[in-house]
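Structure below is data-v7.csv: CSV, C-alpha atoms.
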chain,number,residue,atom,x,y,z
D,1,MET,CA,-12.6,-9.3,-45.3
D,2,SER,CA,-10.9,-12.5,-44.4
D,3,VAL,CA,-10.3,-11.6,-40.8
D,4,PRO,CA,-13.3,-11.0,-38.5
D,5,GLN,CA,-15.6,-8.1,-39.5
D,6,GLU,CA,-15.4,-6.3,-36.3
D,7,LEU,CA,-11.8,-5.9,-34.9
D,8,LYS,CA,-10.7,-4.5,-31.6
D,9,ILE,CA,-7.3,-3.0,-31.3
D,10,VAL,CA,-5.9,-1.6,-28.1
D,11,PHE,CA,-3.4,1.3,-27.8
D,12,THR,CA,-1.4,1.3,-24.6
D,13,GLY,CA,1.8,2.6,-23.2
D,14,PRO,CA,2.9,5.1,-20.5
D,15,MET,CA,1.4,8.5,-19.8
D,16,GLY,CA,2.2,11.0,-22.5
D,17,ALA,CA,3.1,8.5,-25.2
D,18,GLY,CA,0.4,9.6,-27.5
D,19,LYS,CA,-2.4,7.1,-27.2
D,20,THR,CA,-5.3,9.6,-27.2
D,21,THR,CA,-3.6,11.5,-30.0
D,22,ALA,CA,-3.2,8.4,-32.2
D,23,ILE,CA,-6.8,7.5,-31.8
D,24,THR,CA,-8.0,11.1,-32.4
D,25,THR,CA,-5.8,11.2,-35.5
D,26,ILE,CA,-7.2,8.2,-37.3
D,27,SER,CA,-10.8,7.8,-35.9
D,28,ASP,CA,-13.5,8.3,-38.5
D,29,CYS,CA,-15.9,9.7,-36.0
D,30,ALA,CA,-15.2,12.0,-33.0
D,31,PRO,CA,-13.6,9.8,-30.5
D,32,VAL,CA,-15.0,9.2,-27.0
D,33,ALA,CA,-12.5,10.6,-24.6
D,34,THR,CA,-12.3,10.5,-20.8
D,35,GLU,CA,-9.8,13.3,-20.3
D,36,VAL,CA,-9.5,14.7,-16.8
D,37,HIS,CA,-7.3,17.4,-15.3
D,38,ASN,CA,-3.8,16.1,-14.7
D,39,ASN,CA,-2.5,16.7,-11.2
D,40,ASP,CA,0.7,14.7,-11.7
D,41,ARG,CA,2.9,17.1,-13.6
D,42,GLN,CA,6.1,15.4,-12.3
D,43,THR,CA,5.4,12.3,-14.3
D,44,PHE,CA,4.3,14.1,-17.4
D,45,ALA,CA,3.8,17.9,-17.8
D,46,LYS,CA,0.5,18.0,-19.7
D,47,ASP,CA,-2.9,19.5,-18.8
D,48,SER,CA,-5.1,16.4,-19.1
D,49,THR,CA,-4.9,12.7,-18.9
D,50,THR,CA,-7.1,9.7,-19.8
D,51,ALA,CA,-8.9,8.3,-16.7
D,52,ALA,CA,-10.9,5.5,-18.3
D,53,LEU,CA,-10.5,4.9,-22.0
D,54,ASP,CA,-10.4,6.4,-25.5
D,55,PHE,CA,-12.6,5.0,-28.1
D,56,GLY,CA,-12.6,5.6,-31.9
D,57,GLN,CA,-13.6,3.7,-35.0
D,58,LEU,CA,-11.7,3.2,-38.2
D,59,SER,CA,-13.2,1.8,-41.4
D,60,VAL,CA,-10.5,-0.2,-43.2
D,61,ALA,CA,-12.6,-1.8,-45.9
D,62,PRO,CA,-16.3,-1.8,-46.8
D,63,GLY,CA,-18.1,-3.5,-44.0
D,64,THR,CA,-15.0,-3.8,-41.8
D,65,ALA,CA,-14.5,-1.5,-38.9
D,66,VAL,CA,-11.7,-1.5,-36.4
D,67,ARG,CA,-12.7,-0.4,-32.9
D,68,LEU,CA,-9.8,1.5,-31.4
D,69,TYR,CA,-9.4,1.5,-27.7
D,70,GLY,CA,-6.9,3.5,-25.7
D,71,THR,CA,-5.9,2.7,-22.2
D,72,PRO,CA,-4.9,5.1,-19.4
D,73,GLY,CA,-1.1,5.1,-19.0
D,74,GLN,CA,-0.7,5.2,-15.3
D,75,GLU,CA,-0.1,2.1,-13.2
D,76,ARG,CA,-3.0,3.0,-10.8
D,77,PHE,CA,-5.4,2.6,-13.8
D,78,SER,CA,-4.0,-0.9,-14.6
D,79,PHE,CA,-7.4,-2.5,-13.9
D,80,MET,CA,-8.5,-0.8,-17.1
D,81,TRP,CA,-5.7,-2.6,-19.0
D,82,GLU,CA,-7.2,-5.9,-18.1
D,83,ILE,CA,-10.7,-4.8,-19.0
D,84,LEU,CA,-9.7,-3.2,-22.3
D,85,GLY,CA,-7.3,-5.9,-23.2
D,86,ARG,CA,-10.0,-8.6,-23.0
D,87,GLY,CA,-11.0,-9.7,-26.5
D,88,ALA,CA,-8.4,-7.4,-28.2
D,89,MET,CA,-7.3,-8.7,-31.7
D,90,GLY,CA,-4.1,-6.7,-31.5
D,91,VAL,CA,-2.2,-4.4,-29.2
D,92,ILE,CA,-0.2,-1.3,-30.1
D,93,VAL,CA,2.3,-0.2,-27.5
D,94,LEU,CA,3.3,3.5,-27.8
D,95,ILE,CA,6.6,4.5,-26.2
D,96,ASP,CA,8.1,8.0,-25.7
D,97,ALA,CA,11.7,7.6,-26.8
D,98,SER,CA,12.7,10.8,-25.1
D,99,SER,CA,11.7,9.4,-21.7
D,100,PRO,CA,14.8,8.3,-19.7
D,101,SER,CA,12.8,5.2,-18.7
D,102,ALA,CA,11.7,4.3,-22.3
D,103,ALA,CA,13.3,0.8,-22.2
D,104,ILE,CA,11.8,0.0,-18.7
D,105,GLU,CA,8.4,1.2,-19.9
D,106,LEU,CA,8.6,-0.8,-23.1
D,107,LYS,CA,9.5,-3.9,-21.2
D,108,HIS,CA,6.7,-3.4,-18.7
D,109,TYR,CA,3.9,-2.8,-21.2
D,110,ALA,CA,5.1,-5.5,-23.7
D,111,GLU,CA,5.2,-8.1,-20.9
D,112,THR,CA,1.9,-7.0,-19.3
D,113,PHE,CA,0.0,-7.1,-22.6
D,114,ARG,CA,1.7,-10.3,-23.7
D,115,ARG,CA,0.1,-11.7,-20.6
D,116,ILE,CA,-3.3,-10.1,-21.1
D,117,SER,CA,-3.5,-10.8,-24.8
D,118,PRO,CA,-1.1,-13.7,-25.2
D,119,HIS,CA,-1.8,-14.8,-28.8
D,120,GLN,CA,-2.5,-11.5,-30.4
D,121,PRO,CA,-0.2,-9.4,-32.6
D,122,LEU,CA,1.8,-6.8,-30.7
D,123,VAL,CA,3.2,-3.8,-32.5
D,124,VAL,CA,5.4,-1.0,-31.0
D,125,GLY,CA,5.3,2.6,-32.1
D,126,VAL,CA,8.2,4.7,-30.8
D,127,GLY,CA,7.6,8.5,-30.7
D,128,ARG,CA,9.9,11.5,-30.2
D,129,VAL,CA,12.9,9.6,-31.5
D,130,ALA,CA,14.5,12.9,-32.7
D,131,LEU,CA,14.6,14.0,-29.0
D,132,ALA,CA,16.1,10.7,-27.8
D,133,PRO,CA,19.8,9.7,-27.6
D,134,GLU,CA,21.2,8.2,-30.8
D,135,GLY,CA,20.6,4.4,-31.2
D,136,ILE,CA,17.4,4.4,-29.2
D,137,LEU,CA,15.6,2.1,-31.7
D,138,PRO,CA,18.2,-0.7,-31.7
D,139,ALA,CA,18.4,-0.3,-27.9
D,140,LEU,CA,14.6,-0.8,-27.6
D,141,LEU,CA,14.8,-3.8,-30.0
D,142,GLY,CA,17.4,-5.2,-27.7
D,143,THR,CA,15.1,-4.7,-24.8
D,144,LEU,CA,12.4,-6.7,-26.5
D,145,ALA,CA,14.8,-9.4,-27.7
D,146,ALA,CA,16.0,-9.8,-24.1
D,147,ILE,CA,12.5,-10.8,-23.0
D,148,GLY,CA,11.9,-13.0,-25.9
D,149,ILE,CA,9.4,-10.7,-27.7
D,150,CYS,CA,10.1,-10.3,-31.4
D,151,VAL,CA,7.6,-7.8,-32.9
D,152,PRO,CA,7.6,-4.9,-35.4
D,153,VAL,CA,8.9,-1.6,-34.0
D,154,PHE,CA,8.4,1.6,-35.8
D,155,SER,CA,9.5,5.2,-35.3
D,156,VAL,CA,6.3,7.2,-35.5
D,157,ASP,CA,4.8,10.6,-35.0
D,158,VAL,CA,1.2,9.7,-34.2
D,159,ARG,CA,0.0,13.2,-34.9
D,160,LYS,CA,0.5,12.1,-38.6
D,161,ARG,CA,-2.3,10.1,-39.9
D,162,GLU,CA,-0.1,7.8,-42.1
D,163,ASP,CA,2.1,7.0,-39.1
D,164,ALA,CA,-0.8,6.1,-36.8
D,165,LEU,CA,-2.4,4.1,-39.7
D,166,LEU,CA,0.9,2.2,-40.2
D,167,LEU,CA,0.6,0.7,-36.7
D,168,VAL,CA,-3.0,-0.4,-37.3
D,169,HIS,CA,-2.3,-1.8,-40.7
D,170,THR,CA,0.7,-3.7,-39.4
D,171,VAL,CA,-1.6,-5.4,-36.8
D,172,LEU,CA,-4.1,-6.2,-39.5
D,173,ALA,CA,-1.3,-7.6,-41.8
D,174,ILE,CA,-0.1,-9.9,-39.0
D,175,LEU,CA,-3.6,-11.1,-38.4
D,176,GLU,CA,-4.1,-11.7,-42.1
D,177,ALA,CA,-0.8,-13.5,-42.5
D,178,ARG,CA,-2.0,-16.1,-39.9
D,179,LEU,CA,-4.9,-17.1,-42.1
D,180,PRO,CA,-4.6,-19.9,-44.7
D,181,GLU,CA,-3.3,-18.5,-47.9
D,182,SER,CA,-6.5,-19.1,-49.8
D,183,GLU,CA,-8.4,-16.7,-47.4
D,184,ARG,CA,-6.0,-13.8,-47.6
D,185,GLY,CA,-6.2,-10.6,-49.5
D,186,ARG,CA,-9.9,-10.3,-49.7
D,187,THR,CA,-10.0,-6.9,-48.2
I,1,MET,CA,-1.4,5.8,-4.7
I,2,ALA,CA,-1.1,8.9,-2.6
I,3,ALA,CA,-1.8,12.2,-4.3
I,4,PRO,CA,1.2,14.3,-5.5
I,5,SER,CA,2.2,16.8,-2.8
I,6,THR,CA,1.2,19.6,-5.1
I,7,LEU,CA,-2.5,18.5,-5.2
I,8,LEU,CA,-3.7,19.9,-1.9
I,9,ARG,CA,-2.0,21.4,1.1
I,10,PRO,CA,-1.5,19.1,4.1
I,11,ALA,CA,-3.9,21.3,6.1
I,12,ALA,CA,-6.6,20.8,3.4
I,13,ILE,CA,-6.1,17.1,3.4
I,14,ALA,CA,-6.3,17.0,7.2
I,15,ALA,CA,-9.5,18.9,7.1
I,16,ALA,CA,-11.0,16.6,4.5
I,17,SER,CA,-9.9,13.6,6.5
I,18,ARG,CA,-11.7,15.0,9.6
I,19,HIS,CA,-14.9,15.5,7.6
I,20,LEU,CA,-14.7,12.0,6.3
I,21,GLU,CA,-14.3,10.6,9.8
I,22,ASP,CA,-17.3,12.6,11.0
I,23,PHE,CA,-19.3,11.3,8.1
I,24,ALA,CA,-18.3,7.7,8.7
I,25,GLN,CA,-18.8,7.9,12.4
I,26,SER,CA,-22.3,9.2,12.1
I,27,ASN,CA,-23.2,6.3,9.8
I,28,ASP,CA,-22.5,2.7,10.7
I,29,GLY,CA,-23.2,1.5,7.3
I,30,VAL,CA,-20.3,3.4,5.7
I,31,LYS,CA,-17.5,0.9,5.3
I,32,LEU,CA,-15.2,3.1,3.3
I,33,ALA,CA,-15.1,6.7,2.1
I,34,VAL,CA,-12.4,7.9,-0.3
I,35,LEU,CA,-12.0,11.4,-1.6
I,36,THR,CA,-10.5,11.2,-5.1
I,37,SER,CA,-8.9,13.7,-7.4
I,38,SER,CA,-10.1,13.9,-11.0
I,39,ASP,CA,-7.1,11.8,-12.1
I,40,GLY,CA,-7.5,9.1,-9.6
I,41,PHE,CA,-5.3,10.0,-6.7
I,42,GLU,CA,-6.5,9.3,-3.2
I,43,ILE,CA,-6.8,12.6,-1.3
I,44,ALA,CA,-8.2,11.3,2.0
I,45,ALA,CA,-9.8,8.1,3.1
I,46,VAL,CA,-11.6,6.5,6.1
I,47,PRO,CA,-10.6,4.2,7.4
I,48,ALA,CA,-7.2,5.8,6.7
I,49,THR,CA,-5.6,2.4,6.6
I,50,ALA,CA,-7.9,0.8,4.1
I,51,SER,CA,-5.8,-1.2,1.7
I,52,SER,CA,-8.2,-0.9,-1.1
I,53,ALA,CA,-8.6,2.9,-0.9
I,54,ALA,CA,-6.0,3.7,-3.6
I,55,ARG,CA,-7.5,1.2,-6.0
I,56,ILE,CA,-11.0,2.4,-5.3
I,57,ALA,CA,-9.9,6.0,-5.8
I,58,ALA,CA,-8.5,5.2,-9.3
I,59,MET,CA,-11.6,3.2,-10.2
I,60,SER,CA,-13.9,6.0,-9.0
I,61,SER,CA,-12.2,8.5,-11.3
I,62,SER,CA,-12.4,6.1,-14.2
I,63,ILE,CA,-16.1,5.5,-13.8
I,64,GLN,CA,-16.8,9.2,-13.2
I,65,ALA,CA,-14.8,10.1,-16.4
I,66,LEU,CA,-16.7,7.4,-18.3
I,67,SER,CA,-20.1,8.6,-17.0
I,68,GLN,CA,-19.1,12.1,-18.0
I,69,ALA,CA,-18.5,10.9,-21.5
I,70,LEU,CA,-21.8,9.1,-21.5
I,71,ALA,CA,-23.7,12.1,-20.3
I,72,GLN,CA,-22.0,14.2,-22.9
I,73,GLU,CA,-22.8,11.7,-25.6
I,74,ALA,CA,-26.4,11.7,-24.5
I,75,GLY,CA,-26.5,15.5,-24.8
I,76,LEU,CA,-26.9,16.0,-21.0
I,77,ALA,CA,-25.2,18.3,-18.6
I,78,ALA,CA,-22.1,17.3,-16.6
I,79,SER,CA,-22.5,14.0,-14.7
I,80,ARG,CA,-22.9,14.6,-11.0
I,81,ASN,CA,-23.4,11.4,-9.0
I,82,LEU,CA,-23.4,7.6,-9.7
I,83,ILE,CA,-25.0,4.8,-7.8
I,84,ILE,CA,-23.8,1.2,-7.9
I,85,GLU,CA,-26.3,-1.1,-6.2
I,86,THR,CA,-25.5,-4.6,-5.3
I,87,ASP,CA,-27.2,-7.3,-3.3
I,88,THR,CA,-24.9,-6.7,-0.4
I,89,GLY,CA,-24.3,-3.0,-0.5
I,90,THR,CA,-24.0,0.2,-2.4
I,91,VAL,CA,-21.3,2.4,-3.9
I,92,LEU,CA,-22.0,6.0,-4.3
I,93,LEU,CA,-19.7,8.3,-6.4
I,94,LEU,CA,-20.6,11.8,-5.5
I,95,GLY,CA,-19.2,14.7,-7.5
I,96,VAL,CA,-17.8,17.4,-5.1
I,97,GLU,CA,-18.7,21.0,-5.9
I,98,PRO,CA,-17.6,22.8,-7.9
I,99,SER,CA,-17.9,20.0,-10.5
I,100,SER,CA,-15.0,21.6,-12.4
I,101,SER,CA,-12.7,20.3,-9.7
I,102,GLY,CA,-13.5,16.8,-10.8
I,103,ILE,CA,-13.1,15.6,-7.2
I,104,VAL,CA,-15.2,12.6,-6.3
I,105,LEU,CA,-16.3,11.2,-3.0
I,106,ALA,CA,-16.6,7.5,-3.2
I,107,VAL,CA,-18.7,5.9,-0.4
I,108,VAL,CA,-18.9,2.2,0.1
I,109,ALA,CA,-21.9,1.3,2.3
I,110,THR,CA,-23.7,-1.8,3.4
I,111,GLY,CA,-27.4,-2.1,4.1
I,112,LYS,CA,-30.4,-1.3,2.0
I,113,GLU,CA,-31.8,1.7,3.8
I,114,LEU,CA,-28.7,3.6,3.5
I,115,LEU,CA,-29.1,4.7,-0.1
I,116,GLY,CA,-31.8,7.3,0.4
I,117,LYS,CA,-30.0,8.7,3.5
I,118,LEU,CA,-26.7,8.9,1.8
I,119,LEU,CA,-28.2,10.7,-1.2
I,120,TRP,CA,-30.0,13.0,1.0
I,121,ALA,CA,-26.8,13.7,2.8
I,122,SER,CA,-25.0,14.5,-0.5
I,123,SER,CA,-27.7,16.9,-1.6
I,124,SER,CA,-27.6,18.7,1.7
I,125,SER,CA,-23.9,18.7,1.9
I,126,HIS,CA,-22.1,20.8,4.3
I,127,SER,CA,-19.4,23.2,3.2
I,128,ALA,CA,-16.0,22.4,4.5
I,129,GLY,CA,-14.7,25.2,2.5
I,130,ARG,CA,-12.9,27.1,5.2
I,131,GLY,CA,-10.7,24.2,6.1
I,132,ILE,CA,-9.7,23.7,2.5
I,133,ALA,CA,-9.4,27.4,1.5
I,134,GLY,CA,-6.0,28.2,0.1
I,135,SER,CA,-5.5,24.9,-1.6
I,136,ASN,CA,-3.7,25.4,-4.9
I,137,ILE,CA,-6.6,24.0,-6.9
I,138,SER,CA,-8.8,26.5,-5.0
I,139,VAL,CA,-11.5,23.9,-4.3
I,140,GLN,CA,-14.1,24.3,-1.7
I,141,LEU,CA,-14.9,20.8,-0.6
I,142,ASN,CA,-18.5,20.2,0.2
I,143,LEU,CA,-18.6,17.0,2.0
I,144,PRO,CA,-21.7,15.3,3.3
I,145,THR,CA,-21.7,15.4,7.1
I,146,GLY,CA,-23.8,13.4,9.4
I,147,GLU,CA,-25.1,16.0,11.8
I,148,ARG,CA,-27.7,17.8,9.8
I,149,ARG,CA,-28.9,14.6,8.4
I,150,TRP,CA,-29.6,12.9,11.7
I,151,GLN,CA,-31.3,15.8,13.3
I,152,ARG,CA,-34.2,15.7,10.9
As a first step, turn the structure in this file into structure tokens.
Amino acid sequence: MSVPQELKIVFTGPMGAGKTTAITTISDCAPVATEVHNNDRQTFAKDSTTAALDFGQLSVAPGTAVRLYGTPGQERFSFMWEILGRGAMGVIVLIDASSPSAAIELKHYAETFRRISPHQPLVVGVGRVALAPEGILPALLGTLAAIGICVPVFSVDVRKREDALLLVHTVLAILEARLPESERGRT
Amino acid sequence: MAAPSTLLRPAAIAAASRHLEDFAQSNDGVKLAVLTSSDGFEIAAVPATASSAARIAAMSSSIQALSQALAQEAGLAASRNLIIETDTGTVLLLGVEPSSSGIVLAVVATGKELLGKLLWASSSSHSAGRGIAGSNISVQLNLPTGERRWQR
């Protein structure tokens, strides 16, 4: 592999966007989860939420593993964003398109992780697009453009392996494209 | 961040606050005590005005959740308590019974001799259940209190 042998990619985004699901979907081994009882049903009506991190591993080529980390979504756990973002080779922001505050959330996470991991690829996965108002994807692209962030944005269902993998492979492709041409394509 | 209003009834929170105050008063070394929900909300704290209480609450639940994952990975039973020792003080993260509640009492203390005492207090914790009964997560909070500890 032409990029480093051990890669760290961080999944982030608001509560309920699918970070734990994405890692569970693609991890080769049973992921480490830190799910706890969710008391805040107003923000997102689900039984459990991540309190510290998710961790999974994905082999992308012989001898090359991607370590997948998921952050907690809630602002009160933002100290974990800093810890997990350190040393990340790429960041995947997951957004719930059906959330009324999807654009605000996208702006917040994109800006925050641009600061934490300034030089690393950022890729956005937008979920539940079918439940969102029409034109949500162009709107979200506009949100990113307005803050000067030009990155790939995909409509995804992270319960599907190929969708979750698409996000990871896009990060890897961006990393690879940064290499001198002679060093590419050895995976 | 304050807990959602649905987490515990005001009376339960008031009772928990009183127990924390008793606990802190009977122990000079306790700088801060925060009762934290499983998902990192501050339920009660002494001193009530501590600016770092909300952040310590969130961090406590993260570390508790992580130690839970580690204990599980190691094939052990549910993680109960955690001790963080530093040169200038100690942080205890004590799981509140029943452990299924996920509620954690974080105690920040100074001074070296405190560790054993605090741990002893936690193991001989005093039931504050009556004050908390009726909370909608039906938790009986067992908070360490000072009295029994100091009488021995």
Exercise. Would you list which chain D residues are within 7 Å of chain I using all atoms listed in the file, as a ChimeraX atom specification?
Worked result: /D:32-34,36-40,51-52,76-77
For this session: Record the distance separating atom CA of D:Gly70 and atom CA of D:Phe11, expressed in Å with one decimal.
Result: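 A separation of 4.6 Å between them.
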For this session: Have a look at atom CA of D:Ala145 and atom CA of D:Lys107 and let me know their distance in Å, one decimal.
Result: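 These atoms are spaced 10.0 Å apart.
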Problem set entry | Proximity to D:Arg67 - best of D:Leu7, D:Val151, D:Ile26, D:Leu84, all atoms listed in the file | D:Leu7
For this session: Would you mind reading off the distance between atom CA of I:Val104 and atom CA of I:Val34, one decimal, in Å?
Result: 8.1 Å
For this session: Please provide the set of residues having any atom within 12 Å of D:Thr112, restricted to all atoms listed in the file, with same-chain residues fewer than 6 positions apart removed, written as a list in words.
Result: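 Within the cut-off, the hits are Thr12, Gly13, Glu75, Ser78, Phe79, Trp81, Glu82, Gly85, Val91, Val93, Glu105, Leu106, Pro118, Leu122, Ile147 and Ile149 of chain D.
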For this session: Find the residues near I:Thr110: any atom within 9 Å, counting only C-alpha atoms, skip ones fewer than 4 places away on the same chain, and give them as a list in words.
Result: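 That gives Asp28, Gly29, Val30, Lys31, Thr88, Gly89, Thr90, Val91 and Leu114 of chain I.
With all atoms listed in the file as the atoms that count, the residue of D:Lys8, D:Leu140, D:Gly135, D:Pro152 with the shortest distance to D:Thr64 is D:Lys8.
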Exercise. What's the 9 Å shell around I:Leu115, counting all atoms listed in the file, without same-chain residues fewer than 4 positions away, as a list in words?
Worked result: Ile83, Glu85, Thr90, Val91, Leu92, Ala109, Gly111, Leu119 and Trp120 of chain I
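Distances from D:Pro180, D:Pro138, D:Gly127, D:Gly87 to D:Ile9 were compared using all atoms listed in the file, and the smallest one belongs to D:Gly87.
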Exercise. Within 10 Å of D:Val66, counting only C-alpha atoms, which residues qualify if same-chain residues fewer than 3 places away don't, as a ChimeraX atom specification?
Worked result: /D:4-9,27,56-61,69,89,168,172
Problem set entry | Residue nearest D:Ala130 among D:Ala146, D:Ile116, D:Val171, D:Val156 (counting all atoms listed in the file) |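 Closest to D:Ala130 of all the choices is D:Val156.
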For this session: Determine, counting all atoms listed in the file, every residue of protein, DNA or RNA that lies within 6 Å of (3.9, 2.5, -34.4) in the file coordinates, then give the result as a PyMOL selection string.
Result: chain D and resi 124-125+154+156+167
